[in-house]
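Structure data follow from input32.csv (CSV, C-alpha atoms):
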chain,number,residue,atom,x,y,z
A,249,SER,CA,113.8,139.3,76.3
A,250,ARG,CA,114.7,142.9,77.4
A,251,ARG,CA,112.9,142.4,80.7
A,252,HIS,CA,114.8,139.2,81.4
A,253,LYS,CA,118.1,140.8,80.6
A,254,LEU,CA,117.4,143.6,83.1
A,255,TYR,CA,116.4,141.0,85.7
A,256,ARG,CA,119.7,139.1,85.2
A,257,GLU,CA,121.7,142.3,85.5
A,258,GLU,CA,119.9,143.2,88.7
A,259,LEU,CA,120.8,139.7,90.1
A,260,ASN,CA,124.5,140.3,89.2
A,261,LEU,CA,124.5,143.5,91.3
A,262,THR,CA,123.5,141.7,94.5
A,263,SER,CA,126.1,140.2,96.8
A,264,PRO,CA,126.3,136.4,97.1
A,265,ALA,CA,123.7,135.0,99.5
A,266,ALA,CA,124.8,133.2,102.6
A,267,PRO,CA,124.4,129.4,102.6
A,268,VAL,CA,120.9,128.4,103.4
A,269,PRO,CA,120.5,126.0,106.3
A,270,LEU,CA,118.3,123.0,106.0
A,271,ARG,CA,115.4,123.3,108.4
A,272,PRO,CA,114.5,120.0,110.0
A,273,GLU,CA,110.8,120.9,109.9
A,274,ALA,CA,110.8,121.5,106.2
A,275,SER,CA,107.9,119.7,104.5
A,276,TRP,CA,110.0,118.2,101.8
A,277,LEU,CA,112.5,116.8,104.3
A,278,GLN,CA,109.7,115.4,106.5
A,279,PHE,CA,108.1,113.8,103.5
A,280,HIS,CA,111.3,112.1,102.5
A,281,LEU,CA,111.9,110.9,106.1
A,282,GLY,CA,108.4,109.4,106.2
A,283,ILE,CA,108.9,107.0,103.4
A,284,SER,CA,108.8,103.4,104.6
A,285,ARG,CA,108.3,99.9,103.2
A,286,ASP,CA,104.6,100.4,103.6
A,287,GLY,CA,104.3,103.4,101.2
A,288,LEU,CA,105.5,106.9,100.4
A,289,TYR,CA,103.8,108.4,103.5
A,290,PRO,CA,102.0,107.1,106.6
A,291,ARG,CA,98.2,106.6,106.3
A,292,SER,CA,97.3,109.6,108.5
A,293,SER,CA,100.2,111.9,107.7
A,294,PRO,CA,99.8,115.7,108.3
A,295,ILE,CA,103.0,116.2,106.4
A,296,VAL,CA,101.4,115.5,103.1
A,297,ASN,CA,98.8,118.3,103.4
A,298,ARG,CA,101.5,120.7,104.5
A,299,LEU,CA,103.7,119.6,101.5
A,300,LEU,CA,100.7,120.2,99.1
A,301,ARG,CA,100.2,123.6,100.6
A,302,ASP,CA,103.9,124.5,100.3
A,303,MET,CA,104.0,123.4,96.6
A,304,GLN,CA,100.9,125.6,96.0
A,305,GLU,CA,102.1,128.7,97.8
A,306,PHE,CA,105.9,128.9,97.9
A,307,PRO,CA,107.5,131.2,95.2
A,308,THR,CA,109.8,129.4,92.7
A,309,ILE,CA,113.5,130.2,93.0
A,310,SER,CA,114.6,128.4,89.8
A,311,ALA,CA,113.3,126.5,86.8
A,312,ASP,CA,114.9,124.0,84.4
A,313,TYR,CA,114.1,121.3,82.0
A,314,SER,CA,113.8,117.8,83.5
A,315,GLN,CA,116.4,115.2,82.9
A,316,ASP,CA,114.0,113.5,80.4
A,317,GLU,CA,113.7,116.7,78.4
A,318,LYS,CA,117.5,117.1,78.4
A,319,ALA,CA,117.9,113.5,77.2
A,320,LEU,CA,115.8,114.4,74.2
A,321,LEU,CA,118.6,116.6,73.0
A,322,GLY,CA,120.9,113.6,72.9
A,323,ALA,CA,120.6,110.1,71.4
A,324,CYS,CA,117.3,108.3,71.1
A,325,ASP,CA,117.1,104.5,70.6
A,326,CYS,CA,114.2,104.7,68.2
A,327,SER,CA,114.2,101.0,67.5
A,328,GLN,CA,112.7,100.5,71.0
A,329,ILE,CA,110.2,103.3,71.3
A,330,VAL,CA,108.5,105.8,69.1
A,331,LYS,CA,110.2,109.2,69.5
A,332,PRO,CA,108.5,111.4,72.0
A,333,SER,CA,107.7,114.9,70.8
A,334,GLY,CA,107.5,118.4,72.0
A,335,VAL,CA,103.9,118.0,73.2
A,336,HIS,CA,105.3,116.3,76.3
A,337,LEU,CA,106.8,119.3,78.2
A,338,LYS,CA,107.7,119.2,81.9
A,339,LEU,CA,109.9,121.4,84.0
A,340,VAL,CA,111.6,121.1,87.3
A,341,LEU,CA,110.7,123.9,89.7
A,342,ARG,CA,112.7,124.6,92.9
A,343,PHE,CA,111.5,126.2,96.1
A,344,GLN,CA,112.8,127.2,99.4
A,345,ASP,CA,113.9,124.5,101.9
A,346,PHE,CA,115.5,122.7,99.0
A,347,GLY,CA,112.0,121.8,97.7
A,348,LYS,CA,111.7,120.4,94.2
A,349,ALA,CA,108.7,119.5,92.1
A,350,MET,CA,107.9,118.4,88.6
A,351,PHE,CA,105.6,120.9,86.7
A,352,LYS,CA,103.4,119.6,83.9
A,353,PRO,CA,101.5,122.3,82.2
A,354,MET,CA,97.9,122.1,80.9
A,355,ARG,CA,97.7,120.6,77.5
A,356,GLN,CA,94.1,119.6,77.2
A,357,LYS,CA,90.8,121.0,78.4
A,358,ARG,CA,89.0,118.8,81.0
A,359,GLU,CA,86.0,118.1,78.8
A,360,GLU,CA,88.2,117.0,75.8
A,361,GLU,CA,88.6,113.2,75.2
A,362,THR,CA,91.6,111.6,73.6
A,363,PRO,CA,90.7,110.9,70.0
A,364,GLU,CA,89.8,107.2,69.3
A,365,ASP,CA,92.6,106.9,66.6
A,366,PHE,CA,95.4,108.1,69.0
A,367,PHE,CA,97.9,105.5,70.0
A,368,TYR,CA,98.6,105.4,73.7
A,369,PHE,CA,102.3,106.3,73.2
A,370,VAL,CA,101.5,109.6,71.4
A,371,ASP,CA,98.7,110.7,73.6
A,372,PHE,CA,98.7,114.0,75.4
A,373,GLN,CA,100.0,114.3,78.9
A,374,ARG,CA,97.3,115.8,81.1
A,375,HIS,CA,98.2,117.8,84.2
A,376,ASN,CA,94.8,117.0,85.8
A,377,ALA,CA,95.4,113.3,85.4
A,378,GLU,CA,98.5,113.6,87.6
A,379,ILE,CA,96.5,115.3,90.3
A,380,ALA,CA,93.6,112.9,90.1
A,381,ALA,CA,95.9,109.9,90.1
A,382,PHE,CA,97.4,111.1,93.4
A,383,HIS,CA,94.0,111.4,95.0
A,384,LEU,CA,92.8,108.0,93.7
A,385,ASP,CA,96.0,106.3,94.9
A,386,ARG,CA,95.4,107.8,98.4
A,387,ILE,CA,91.8,106.6,98.4
A,388,LEU,CA,92.9,103.1,97.5
A,389,ASP,CA,95.3,103.3,100.4
A,390,PHE,CA,98.2,102.4,98.1
A,391,ARG,CA,100.2,105.5,98.9
A,392,ARG,CA,102.6,104.9,95.9
A,393,VAL,CA,102.0,108.2,94.0
A,394,PRO,CA,104.1,111.2,95.1
A,395,PRO,CA,102.0,114.1,96.5
A,396,THR,CA,100.7,116.2,93.6
A,397,VAL,CA,98.8,119.5,93.6
A,398,GLY,CA,97.5,121.9,91.0
A,399,ARG,CA,98.8,125.4,90.7
A,400,ARG,CA,98.5,128.4,88.4
A,401,ILE,CA,102.0,129.5,87.5
A,402,ASN,CA,103.0,132.9,86.3
A,403,VAL,CA,105.3,131.7,83.4
A,404,THR,CA,107.1,135.0,83.2
A,405,ARG,CA,107.8,135.7,86.8
A,406,GLU,CA,108.1,132.0,88.1
A,407,ILE,CA,109.8,130.4,85.1
A,408,LEU,CA,111.4,132.8,82.7
A,409,GLU,CA,112.8,135.2,85.2
A,410,VAL,CA,114.3,132.5,87.5
A,411,THR,CA,115.7,130.0,85.0
A,412,LYS,CA,119.4,130.0,84.3
A,413,ASN,CA,119.1,127.6,81.4
A,414,GLU,CA,119.7,129.7,78.2
A,415,VAL,CA,117.9,127.0,76.1
A,416,LEU,CA,114.8,127.4,78.1
A,417,GLN,CA,115.1,131.2,78.0
A,418,SER,CA,115.3,131.0,74.2
A,419,VAL,CA,112.0,129.2,73.7
A,420,PHE,CA,109.8,131.9,75.3
A,421,PHE,CA,107.8,134.2,72.9
A,422,VAL,CA,104.7,136.3,72.9
A,423,SER,CA,101.8,134.9,70.8
A,424,PRO,CA,99.6,137.0,68.4
A,425,ALA,CA,97.0,137.0,71.3
A,426,SER,CA,99.7,138.7,73.5
A,427,ASN,CA,100.0,135.6,75.7
A,428,VAL,CA,103.5,134.5,77.0
A,429,CYS,CA,104.3,131.0,75.6
A,430,PHE,CA,107.2,128.5,75.6
A,431,PHE,CA,107.8,125.1,74.1
A,432,ALA,CA,110.2,122.1,74.4
A,433,LYS,CA,113.6,122.3,72.7
A,434,CYS,CA,114.5,119.1,71.1
A,435,PRO,CA,115.7,117.9,67.6
A,436,TYR,CA,112.2,116.9,66.3
A,437,MET,CA,108.6,117.8,66.6
A,438,CYS,CA,109.4,120.8,68.9
A,439,LYS,CA,108.0,123.9,67.4
A,440,THR,CA,105.9,126.9,68.4
A,441,GLU,CA,102.8,124.9,67.3
A,442,TYR,CA,103.3,122.7,70.4
A,443,ALA,CA,103.8,125.6,72.8
A,444,VAL,CA,102.0,126.1,76.0
A,445,CYS,CA,100.7,129.6,76.7
A,446,GLY,CA,99.7,131.6,79.7
A,447,ASN,CA,96.6,133.8,79.8
A,448,PRO,CA,98.5,136.1,79.4
A,449,HIS,CA,101.0,135.0,82.0
A,450,LEU,CA,99.1,132.5,84.2
A,451,LEU,CA,99.2,128.8,83.2
A,452,GLU,CA,97.7,126.0,85.2
A,453,GLY,CA,99.6,122.8,85.7
A,454,SER,CA,100.4,120.0,88.2
A,455,LEU,CA,103.2,119.9,90.7
A,456,SER,CA,104.5,116.5,91.8
A,457,ALA,CA,106.9,116.4,94.8
A,458,PHE,CA,110.3,114.9,93.9
A,459,LEU,CA,111.5,111.8,95.7
A,460,PRO,CA,114.8,111.7,97.5
A,461,SER,CA,117.8,111.8,95.2
A,462,LEU,CA,119.1,108.5,93.8
A,463,ASN,CA,122.3,109.0,95.9
A,464,LEU,CA,120.3,109.0,99.1
A,465,ALA,CA,117.5,106.5,98.1
A,466,PRO,CA,118.6,104.3,95.1
A,467,ARG,CA,115.8,103.0,92.9
A,468,LEU,CA,115.5,100.4,90.2
A,469,SER,CA,113.6,100.9,87.0
A,470,ILE,CA,112.2,97.5,85.9
A,471,PRO,CA,110.3,96.7,82.7
A,472,ASN,CA,106.7,95.8,83.2
A,473,PRO,CA,106.1,92.1,82.3
A,474,TRP,CA,102.9,93.3,80.6
A,475,ILE,CA,104.6,96.0,78.6
A,476,ARG,CA,102.9,97.0,75.4
A,477,SER,CA,104.3,97.1,71.9
A,478,TYR,CA,105.6,100.6,71.3
A,479,SER,CA,105.2,100.5,67.6
A,480,PHE,CA,102.3,101.0,65.2
A,481,ASP,CA,102.0,97.3,64.5
A,482,GLY,CA,102.8,94.0,66.3
A,483,LYS,CA,101.8,92.7,69.7
A,484,GLU,CA,103.6,91.4,72.8
A,485,GLU,CA,103.3,87.8,73.9
A,486,TRP,CA,100.8,88.6,76.7
A,487,GLU,CA,98.4,90.1,74.2
A,488,VAL,CA,98.1,86.8,72.2
A,489,ASN,CA,98.8,84.2,74.9
A,490,PRO,CA,96.1,83.9,77.6
A,491,LEU,CA,98.5,81.6,79.6
A,492,TYR,CA,101.3,84.1,79.6
A,493,CYS,CA,101.1,84.5,83.4
A,494,ASN,CA,102.4,80.9,83.8
A,495,THR,CA,105.6,82.0,82.1
A,496,VAL,CA,105.9,85.1,84.4
A,497,ARG,CA,105.4,83.0,87.5
A,498,GLU,CA,108.5,80.9,86.6
A,499,ILE,CA,110.7,84.0,86.5
A,500,TYR,CA,112.3,85.5,89.7
A,501,PRO,CA,111.2,87.6,91.5
A,502,TYR,CA,107.6,86.9,90.3
A,503,SER,CA,108.0,83.3,91.3
A,504,ASN,CA,107.6,84.1,95.0
A,505,GLY,CA,107.0,87.0,97.3
A,506,ASN,CA,104.7,89.9,96.7
A,507,ARG,CA,106.0,91.2,93.4
A,508,LEU,CA,103.3,89.7,91.2
A,509,LEU,CA,100.6,90.9,93.7
A,510,ASN,CA,102.1,94.4,93.5
A,511,VAL,CA,102.0,94.3,89.7
A,512,VAL,CA,98.3,93.3,89.9
A,513,ASP,CA,97.7,96.3,92.2
A,514,MET,CA,99.4,98.5,89.6
A,515,ALA,CA,97.2,97.1,86.9
A,516,ILE,CA,94.1,97.8,88.9
A,517,PHE,CA,95.2,101.3,89.5
A,518,ASP,CA,96.0,101.9,85.8
A,519,PHE,CA,92.7,100.4,84.7
A,520,LEU,CA,90.8,102.8,86.9
A,521,ILE,CA,92.6,105.8,85.4
A,522,GLY,CA,92.7,104.3,81.9
A,523,ASN,CA,96.6,104.4,81.6
A,524,MET,CA,98.0,102.1,78.9
A,525,ASP,CA,101.5,103.5,79.1
A,526,ARG,CA,103.0,101.7,82.1
A,527,HIS,CA,106.1,100.3,80.4
A,528,HIS,CA,108.3,100.4,83.5
A,529,TYR,CA,107.9,100.6,87.3
A,530,GLU,CA,110.4,101.8,89.9
A,531,MET,CA,111.2,100.4,93.4
A,532,PHE,CA,113.4,101.6,96.3
A,533,THR,CA,116.3,99.1,96.5
A,534,LYS,CA,116.4,99.5,100.3
A,535,PHE,CA,113.1,97.6,100.8
A,536,GLY,CA,114.2,94.5,98.8
A,537,ASP,CA,112.3,92.5,96.3
A,538,ASP,CA,109.0,92.7,98.2
A,539,GLY,CA,109.0,96.5,98.4
A,540,PHE,CA,106.1,98.6,97.0
A,541,LEU,CA,106.1,99.7,93.3
A,542,LEU,CA,106.1,103.4,92.7
A,543,HIS,CA,103.2,104.6,90.5
A,544,LEU,CA,104.9,107.4,88.7
A,545,ASP,CA,104.0,109.4,85.5
A,546,ASN,CA,100.3,109.1,85.4
A,547,ALA,CA,99.6,112.0,83.0
A,548,ARG,CA,98.3,109.7,80.3
A,549,GLY,CA,95.4,108.6,82.5
A,550,PHE,CA,91.9,109.9,82.3
A,551,GLY,CA,91.9,110.4,78.6
A,552,ARG,CA,88.7,108.6,77.6
A,553,HIS,CA,85.8,108.3,80.0
A,554,SER,CA,83.7,106.6,77.3
A,555,HIS,CA,86.0,103.6,76.9
A,556,ASP,CA,87.2,100.9,79.3
A,557,GLU,CA,90.4,99.4,78.2
A,558,THR,CA,90.1,95.9,79.8
A,559,SER,CA,93.4,94.7,78.4
A,560,ILE,CA,95.1,96.8,81.2
A,561,LEU,CA,93.6,94.3,83.6
A,562,ALA,CA,95.6,91.4,82.0
A,563,PRO,CA,97.8,90.8,85.1
A,564,LEU,CA,94.6,90.2,87.2
A,565,SER,CA,92.6,88.3,84.6
A,566,GLN,CA,95.5,86.1,83.5
A,567,CYS,CA,97.1,85.4,86.9
A,568,CYS,CA,93.8,85.3,88.9
A,569,ILE,CA,95.4,86.6,92.1
A,570,ILE,CA,94.8,89.7,94.2
A,571,LYS,CA,95.7,90.9,97.7
A,572,ARG,CA,93.0,90.6,100.3
A,573,THR,CA,93.5,94.1,101.5
A,574,THR,CA,93.1,95.4,97.9
A,575,LEU,CA,89.9,93.4,97.4
A,576,LEU,CA,88.4,94.6,100.6
A,577,ARG,CA,89.1,98.2,99.8
A,578,LEU,CA,87.6,97.8,96.3
A,579,GLN,CA,84.5,96.1,97.8
A,580,LEU,CA,84.1,99.0,100.3
A,581,LEU,CA,84.4,101.6,97.5
A,582,ALA,CA,81.6,99.8,95.6
A,583,GLU,CA,79.2,100.3,98.5
A,584,PRO,CA,76.6,103.1,98.0
A,585,GLU,CA,77.7,105.0,101.1
A,586,TYR,CA,81.4,104.9,100.1
A,587,GLN,CA,81.1,105.0,96.3
A,588,LEU,CA,84.4,105.6,94.6
A,589,SER,CA,83.1,108.5,92.5
A,590,ASP,CA,81.8,110.3,95.6
A,591,MET,CA,85.1,109.8,97.5
A,592,MET,CA,87.1,111.2,94.5
A,593,ARG,CA,84.7,114.1,94.0
A,594,GLU,CA,85.0,115.1,97.7
A,595,SER,CA,88.8,114.6,97.7
A,596,LEU,CA,89.4,116.6,94.5
A,597,LEU,CA,87.5,119.5,95.9
A,598,GLN,CA,90.5,120.2,98.1
A,599,ASP,CA,92.7,121.0,95.1
A,600,PRO,CA,93.1,124.6,94.0
A,601,LEU,CA,92.2,123.7,90.4
A,602,ALA,CA,88.9,122.0,91.2
A,603,PRO,CA,87.0,120.7,89.4
A,604,VAL,CA,89.9,118.5,88.4
A,605,LEU,CA,87.8,115.8,86.6
A,606,THR,CA,84.6,116.1,84.7
A,607,GLU,CA,81.5,114.2,85.9
A,608,PRO,CA,81.8,111.5,83.2
A,609,HIS,CA,85.3,110.6,84.3
A,610,LEU,CA,84.1,110.3,87.9
A,611,LEU,CA,81.3,108.0,86.9
A,612,ALA,CA,83.6,105.9,84.8
A,613,LEU,CA,85.5,105.1,88.0
A,614,ASP,CA,82.4,103.4,89.4
A,615,ARG,CA,81.8,101.5,86.2
A,616,ARG,CA,85.5,100.3,86.0
A,617,LEU,CA,85.4,99.3,89.6
A,618,GLN,CA,82.5,96.9,88.9
A,619,LEU,CA,84.5,95.4,86.0
A,620,ILE,CA,87.4,94.7,88.3
A,621,LEU,CA,85.2,93.0,90.9
A,622,GLU,CA,83.6,91.0,88.1
A,623,ALA,CA,87.0,89.8,87.0
A,624,VAL,CA,87.8,88.7,90.5
A,625,ARG,CA,84.5,86.9,90.8
A,626,LYS,CA,85.2,85.0,87.6
A,627,CYS,CA,88.6,84.0,89.0
A,628,ILE,CA,87.1,82.8,92.3
A,629,ASP,CA,84.4,80.8,90.4
A,630,THR,CA,87.2,79.1,88.4
A,631,TYR,CA,90.0,78.5,91.0
A,632,GLY,CA,88.4,79.1,94.4
A,633,GLU,CA,88.8,82.0,96.8
A,634,ALA,CA,91.7,80.4,98.7
A,635,THR,CA,93.8,80.3,95.5
A,636,VAL,CA,92.8,83.8,94.2
A,637,VAL,CA,92.7,85.9,97.3
A,638,ALA,CA,96.2,86.2,98.9
A,639,ASN,CA,96.2,86.9,102.6
A,640,ASP,CA,98.6,89.9,103.0
A,641,THR,CA,97.3,91.0,106.4
A,642,ALA,CA,99.7,88.8,108.4
A,643,GLN,CA,103.0,90.5,109.1
A,644,PRO,CA,105.9,88.5,107.7
A,645,GLN,CA,108.5,87.4,110.3
A,646,ALA,CA,111.9,89.0,109.9
A,647,PRO,CA,114.7,86.6,108.9
A,648,ALA,CA,116.7,85.2,111.8
A,649,SER,CA,119.8,87.1,110.8
A,650,ASP,CA,117.9,90.4,110.8
A,651,ARG,CA,116.4,89.7,114.2
A,652,VAL,CA,119.9,89.1,115.6
A,653,LYS,CA,120.9,92.5,114.3
A,654,LEU,CA,117.8,94.2,115.8
A,655,ASP,CA,118.4,92.5,119.1
A,656,THR,CA,122.0,93.5,119.2
Transcribe the structure of this file into structure tokens.
Amino acid sequence: SRRHKLYREELNLTSPAAPVPLRPEASWLQFHLGISRDGLYPRSSPIVNRLLRDMQEFPTISADYSQDEKALLGACDCSQIVKPSGVHLKLVLRFQDFGKAMFKPMRQKREEETPEDFFYFVDFQRHNAEIAAFHLDRILDFRRVPPTVGRRINVTREILEVTKNEVLQSVFFVSPASNVCFFAKCPYMCKTEYAVCGNPHLLEGSLSAFLPSLNLAPRLSIPNPWIRSYSFDGKEEWEVNPLYCNTVREIYPYSNGNRLLNVVDMAIFDFLIGNMDRHHYEMFTKFGDDGFLLHLDNARGFGRHSHDETSILAPLSQCCIIKRTTLLRLQLLAEPEYQLSDMMRESLLQDPLAPVLTEPHLLALDRRLQLILEAVRKCIDTYGEATVVANDTAQPQAPASDRVKLDT
């Protein structure tokens, strides 16, 4: 506390800094400019690796709670969802060039599995799951997870000494082991028992690049048709009705276009990482109803390598439809020379916190991939390949009105 007071006094003695210009070559800006209707970044984008390096190396210039964390201090509609708790702590860190990233600290050791009796909505959020999800998303060629990298943060110098949020300042303390710790500040379940601690100052976590602001790139948050029941009892319709997809197909926008196919993609991705907590998905409004779905908040993935939660695959098994490009990529990753676990192992070695996943989690990816392909085979045996495999390789023709605008 005394150190932080001296730091603030020192800041007050300095003259106001001149306005910082926006550099056109800044990695955050280039990342935002590269977003298209095909994904968050081009397939062979050098900007992504530069952005990952900048998030890893740039010093932080400010730290604050996320908007979600701040919302916990207000009202909570607890009839809709079980109250989140202080175990889910994330911070917004800012860097030079107007860079901004979401920091999720380490909560669980890599070799620890989520206990069998844990409900998915009270599970830990794992920083290494966020990192691994980004790499898997890139290997699958979805490109729908924001660039994410691991980093060891000095919580004193890079959070406490740069934050202007007095609430965040107030939750720092020194543990009996002389480690610097902090915890979430909210009206319930937020105590020192749920703190995260450095060793004594260094704490590893994930950094996920922020997307453009909602003012520049508006997004919609849409409930997942296969949302789970966020209570300790009761089930949703899809969990008890095997013909549930017939109902979904009658509802716009799932009745035509690519939306349902994109939901199946998301289910395949979530099944591979073991994420049961996909209650909503987001889309950029600019790209219309057929735009790609953002795969955000993947920290509840990679919790149990010993269990395959096949209910996550309900959109695939109930609707029996999949994109041809997705199926071809999955089949390629099942080949011995391109095995998914090998691709992930090699990709994750690039991260500063490697090894990001333990070997059992990597091997679970191969096992789950086979389960996905088996589900597709069952669908093809029942309905035929022409019905199940949707040809998404042909480029759709722009509407006549749009072509007139382009020609003009």
Checklist outcome for this item: Pairwise distance, atom CA of Arg391 of chain A with atom CA of Phe306 of chain A, equals 24.1 Å
Checklist outcome for this item: Separating atom CA of Leu597 of chain A from atom CA of Met524 of chain A, to the nearest tenth of an Å, is a gap of 26.5 Å
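Between atom CA of Gly282 of chain A and atom CA of Arg577 of chain A the interatomic distance comes to 23.2 Å.
Each of A:Ile283, A:Thr495, A:Leu576, A:Gly539 was checked against Thr641 of chain A using all atoms listed in the file; the smallest atom-to-atom distance is that of A:Leu576.
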Next on the checklist: Need to verify the contact set: His383 of chain A, 12 Å, only C-alpha atoms, exclusion of same-chain residues closer than 2 positions in sequence. Can you return it as a ChimeraX atom specification?
Outcome noted: /A:296-297,300,376-381,385-398,517,521,546,588-589,591-599,604-605
Just want the 10 Å neighbourhood of Pro466 of chain A, counted on only C-alpha atoms, with same-chain residues fewer than 6 positions away dropped. Output as a PDB file with C-alpha atoms, in the frame of the given file.
ATOM      1  CA  PRO A 460     114.800 111.700  97.500  1.00  0.00           C
ATOM      2  CA  MET A 531     111.200 100.400  93.400  1.00  0.00           C
ATOM      3  CA  PHE A 532     113.400 101.600  96.300  1.00  0.00           C
ATOM      4  CA  THR A 533     116.300  99.100  96.500  1.00  0.00           C
ATOM      5  CA  LYS A 534     116.400  99.500 100.300  1.00  0.00           C
TER       6      LYS A 534
END
Item to check | Protein/DNA/RNA residues near (97.0, 96.0, 96.5), cut 8 Å, only C-alpha atoms, as JSON, numbers by chain | outcome: {"A": [390, 509, 510, 512, 513, 514, 570, 571, 572, 573, 574, 575]}
Checklist entry - Residues at most 9 Å from Ser559 of chain A, counting only C-alpha atoms, excluding those fewer than 4 positions away in the same chain, as a ChimeraX atom specification? => result /A:487,519,524,563,565
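Proximity ranking of A:Asn413, A:Asn447, A:Ser314, A:Ser456 relative to Trp276 of chain A places A:Ser456 first, based on only C-alpha atoms.
Excluding Leu561 of chain A itself and same-chain residues fewer than 6 positions from it, the residues having an atom within 9 Å of it are Val512, Ala515, Ile516, Asp518, Phe519, Ile620 and Ala623 of chain A, counting all atoms listed in the file.
Taking all atoms listed in the file into account, Val422 of chain A lies nearest to A:Thr404 out of the set A:Asn463, A:Thr404, A:Thr635, A:Ser477.
For Leu611 of chain A, the residues within 12 Å (counting only C-alpha atoms, excluding itself and residues fewer than 3 positions away along the chain) are A:Leu520, A:Ile521, A:Phe550, A:Arg552, A:His553, A:Ser554, A:His555, A:Asp556, A:Ala582, A:Gln587, A:Leu588, A:Ser589, A:Asp590, A:Met591, A:Met592, A:Arg593, A:Leu605, A:Thr606, A:Glu607, A:Pro608, A:Asp614, A:Arg615, A:Arg616, A:Leu617, A:Gln618.
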